[in-house]
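Notes for the one structure printed next.
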Amino acid sequence: MKRVAALPWIEARLARVRQRAFRTAPADHDPVVLRHSRIYILPTRRGCALIGTLGVMLLTSLNYGLALGLVVTFLLSGLVASALLHAFRNLAGIKVRPLAAGDTFAGEPLAFSVELLGGAAARSEIALYARGTRTISDVHAGAALTLTLQTPTRARGRVPLGRLTLSSDYPLGLWRGWAYVHFPLEGIAFPSPEPSVPPLPFVSGGPDAFAHGRFGDTDLAGLRDYQRGDPPQHVAWKAVARGGGWYSKAFDGTGGGGPIDLDYAALPASLSREARLSRLTAWVLAAERVARPFALRLPGTALAAGQGREHRRAALTALALLPRESV
C-alpha cells in the first residue's frame, strides 16, 4: 500500500524536474533573464571531432615523448576551453520578453514578436527556434532587438507559441549553448474563408443589393490594405501600377438594406462544420468590404449587429474559438 501511495508523489516529482529542465509548460513570466541554471552546453560535431583529435594527439605525444606535440595539444585544449567560456557568456544575461501574438487565417503564417536585450555586452549569432521556425540575429550592446517568428498554422483556434529555444554556437562552432523559455503567448488562427462564396444572405427588407455586387448607391470612402478574398474590381490598380503597394477600395453607405443576419443554423445541413465556418468567415469579410452592419449567431454565441474593425475581429475570433465538439 505504501508503494502504491508513493507513485503519484514520484510522478509529480518527475513532472517538476521535466518542467524545470525542458520548460514543457508555459510557466515563465516576462521578462526572463538567462542565468547559469537555464543554460545548457554540449560540444557540437565539430567540437567532438576536435576533442577526439586532441585525445589522440595527447596519447601519441606521451607515447613517443614529443614535447612539441604536447605543447600543441595543450594550446588547442586551452582554445577549446576558452570557446566553452565564450559560448556560455554569449547567452548569459540575455533578457527575453514576449511582445505580441498576431492573428491570421488558417493555413497562413502567424507572427509572434519577441524582444531580446543583451545588456552591456554584444551578443553574436543568437538563434531563436519555435514551432518549426528558426531565425538568427546579433544583439548589439545596450540595444533591444525585436525578432518576429512567422510560424505555420494548420487549423483554426488558439495557436500557442510553445517552447522557445535560444541557442548559439559562437564563437568557433565547437560548443552549442541553449536555453528554454515558455511564455503563455497565444495567437489566433481564423477559419480559412471559402474561395467561391455565395452572395450574402437576404435581409428582411428584401434582396440585398450588395449581395450581387452592385455598389451604385455607395460612396468611395478611401483605400485600405488588401485582404485575401477581395474581388479584383475593388483593387486599386493605379496604386499597384505606381508601386505603392496593394490596396482595396473601401465603400461607405448602406445601399438601402438593413443589417445582415449571419446565422450558423440557417446554413445547409449538408455542409460540414468547418465548411460552415469557412462560409461565415467569407461573409464577414464581404460584409466589411461593402460597409454593411452584420449580426452573427453561433451555437452558444451571439453578436449583435455592428460594423468596423473591432466588430469584424470579434466575429472572426468567435468563429475561430467555437468549440469543435459543440458544432
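Note on naming: chains are A, B, ... as they come in the C-alpha cells, residues start from 1 per chain, ligands start from 1 in the order shown.
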- Excluding A:Ala315 and any residue of its chain fewer than 5 positions from it, enumerate the residues within 9 Å of it, using only C-alpha atoms, and give them as a ChimeraX atom specification. /A:281,284,295-296,303,310,320
- Query: A:Gly173: which residues within 10 Å, counting only C-alpha atoms, same-chain residues fewer than 6 positions away excluded, as a VMD selection string?
  - Reply: chain A and resid 43 to 47 83 to 84 87
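Here the question is which of A:Leu149, A:Val17, A:Leu91, A:Ile10 gets nearest to A:Glu115 using only C-alpha atoms, and that residue is A:Leu149.
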- Task: Go through A:Ser272, A:Gln150, A:Val114, A:Arg89 one by one, measure the shortest atom-to-atom distance of each to A:Tyr170 using only C-alpha atoms, and give the residue with the smallest value.
- Result: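 Counting only C-alpha atoms, the residue closest to A:Tyr170 is A:Arg89.
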- Query: Tell me, which residues of stretch 23-269 of chain A carry DSSP strand (DSSP E), written as JSON, numbers by chain?
  - Reply: {"A": [32, 33, 40, 41, 42, 43, 95, 96, 97, 98, 99, 100, 101, 103, 104, 105, 110, 111, 112, 113, 114, 115, 116, 117, 123, 124, 125, 126, 127, 128, 129, 130, 133, 134, 135, 136, 137, 138, 139, 144, 145, 146, 147, 148, 149, 150, 151, 157, 158, 159, 160, 163, 164, 165, 166, 167, 168, 175, 176, 177, 178, 179, 180, 181, 182, 186, 187, 188, 189, 190, 219, 220, 221, 222, 223, 224, 225, 247, 248, 249, 250, 251, 252, 260, 261, 262, 263]}
- Message: Please compute the atom CA of A:Arg154-atom CA of A:Gly132 distance, one decimal, in Å.
- Response: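 Computed distance, atom CA of A:Arg154 to atom CA of A:Gly132, equals 12.7 Å.
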- Residues within 10 Å of stretch 261-270 of chain A, only C-alpha atoms, excluding chain neighbours under 3 positions, as a list in words: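 Counting only C-alpha atoms, the residues come to Leu200, Pro201, Phe202, Val203, Ser204, Gly258, Arg273, Ala275, Arg276, Leu277, Arg279, Leu280, Thr281, Trp283, Val284, Pro293, Phe294, Ala295, Leu296, Arg297, Leu298, Pro299, Ala302, Leu303, Ala304, Ala305, Leu319 and Val327 of chain A.
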- Query: Could you pull out all residues of stretch 11-72 of chain A with a DSSP call of helix (DSSP H, G or I) and give them as a VMD selection string?
  - Reply: chain A and resid 11 to 22 45 to 64 67 to 72
- Query: Which of these, A:His36, A:Arg158, A:His86, A:His182, has the shortest distance to A:Ala130 once you count only C-alpha atoms?
  - Reply: A:His182
- Task: Take atom CA of A:Ile39 and atom CA of A:Thr165 and report the distance between them in Å, one decimal.
- Result: 10.5 Å
- For A:Pro109: contacts at 10 Å, only C-alpha atoms, fewer than 4 positions along chain excluded, given as a PyMOL selection string: chain A and resi 102-105+149-154+189
Go ahead and save the residues from that selection, with N, CA and C atoms, as a PDB file, in the first residue's frame.
ATOM      1  N   GLY A 102       0.089  37.679 -33.194  1.00  0.00           N
ATOM      2  CA  GLY A 102      -0.827  38.202 -34.194  1.00  0.00           C
ATOM      3  C   GLY A 102      -2.020  37.296 -34.420  1.00  0.00           C
ATOM      4  N   ASP A 103      -2.729  37.572 -35.480  1.00  0.00           N
ATOM      5  CA  ASP A 103      -3.822  36.714 -35.923  1.00  0.00           C
ATOM      6  C   ASP A 103      -3.743  36.571 -37.431  1.00  0.00           C
ATOM      7  N   THR A 104      -4.265  35.484 -37.920  1.00  0.00           N
ATOM      8  CA  THR A 104      -4.201  35.184 -39.347  1.00  0.00           C
ATOM      9  C   THR A 104      -5.301  34.197 -39.669  1.00  0.00           C
ATOM     10  N   PHE A 105      -5.346  33.769 -40.923  1.00  0.00           N
ATOM     11  CA  PHE A 105      -6.288  32.737 -41.337  1.00  0.00           C
ATOM     12  C   PHE A 105      -5.572  31.393 -41.375  1.00  0.00           C
ATOM     13  N   LEU A 149       8.833  35.759 -35.415  1.00  0.00           N
ATOM     14  CA  LEU A 149       8.804  34.386 -35.902  1.00  0.00           C
ATOM     15  C   LEU A 149       7.511  34.176 -36.677  1.00  0.00           C
ATOM     16  N   GLN A 150       7.631  33.831 -37.946  1.00  0.00           N
ATOM     17  CA  GLN A 150       6.473  33.532 -38.789  1.00  0.00           C
ATOM     18  C   GLN A 150       6.234  32.025 -38.729  1.00  0.00           C
ATOM     19  N   THR A 151       5.343  31.615 -37.846  1.00  0.00           N
ATOM     20  CA  THR A 151       5.098  30.192 -37.626  1.00  0.00           C
ATOM     21  C   THR A 151       3.926  29.706 -38.472  1.00  0.00           C
ATOM     22  N   PRO A 152       3.975  28.484 -38.959  1.00  0.00           N
ATOM     23  CA  PRO A 152       2.868  27.966 -39.783  1.00  0.00           C
ATOM     24  C   PRO A 152       1.650  27.619 -38.941  1.00  0.00           C
ATOM     25  N   THR A 153       0.479  27.692 -39.548  1.00  0.00           N
ATOM     26  CA  THR A 153      -0.780  27.298 -38.914  1.00  0.00           C
ATOM     27  C   THR A 153      -1.478  26.278 -39.801  1.00  0.00           C
ATOM     28  N   ARG A 154      -2.166  25.348 -39.171  1.00  0.00           N
ATOM     29  CA  ARG A 154      -2.844  24.290 -39.922  1.00  0.00           C
ATOM     30  C   ARG A 154      -4.344  24.268 -39.665  1.00  0.00           C
ATOM     31  N   ALA A 189      -5.859  31.765 -35.060  1.00  0.00           N
ATOM     32  CA  ALA A 189      -5.999  31.425 -36.480  1.00  0.00           C
ATOM     33  C   ALA A 189      -7.483  31.385 -36.810  1.00  0.00           C
TER      34      ALA A 189
END
- Nearest residue to A:Ser192 from the set A:Ile136, A:Leu322, A:Ala155, A:Leu54 (distances using only C-alpha atoms):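 Distance minimum relative to A:Ser192 lands on A:Ala155.
When the distance limit is 8 Å and only C-alpha atoms are what count, the residues near A:Ser124, minus those fewer than 6 positions from it on the same chain, are Asn90, Ser137, Asp138, Val139, Ser168 and Tyr170 of chain A.
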Neighbouring residues of A:Leu50 were defined as those with any atom within 9 Å, considering only C-alpha atoms; residues of the same chain fewer than 5 positions away were excluded. Please report them as a compact mmCIF listing (two decimals) with N, CA, C and O atoms, in the first residue's frame.
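around-v6.txt, freshly written:
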# COMPACT_ATOMS: atom_id res chain seq x y z
N ARG A 45 29.30 18.58 -33.32
CA ARG A 45 30.04 17.53 -34.02
C ARG A 45 31.47 17.97 -34.28
O ARG A 45 32.41 17.17 -34.16
N GLY A 55 42.64 14.08 -28.00
CA GLY A 55 42.94 12.89 -27.22
C GLY A 55 43.97 12.00 -27.90
O GLY A 55 44.90 11.48 -27.25
N LEU A 76 45.82 23.86 -28.00
CA LEU A 76 44.49 23.66 -28.59
C LEU A 76 43.45 23.32 -27.53
O LEU A 76 42.28 23.71 -27.66
N VAL A 80 39.89 25.25 -26.83
CA VAL A 80 38.58 24.61 -26.67
C VAL A 80 37.92 25.07 -25.37
O VAL A 80 36.71 25.38 -25.33
N LEU A 174 32.37 25.12 -31.76
CA LEU A 174 32.79 23.91 -31.05
C LEU A 174 31.80 23.51 -29.96
O LEU A 174 31.71 22.32 -29.63
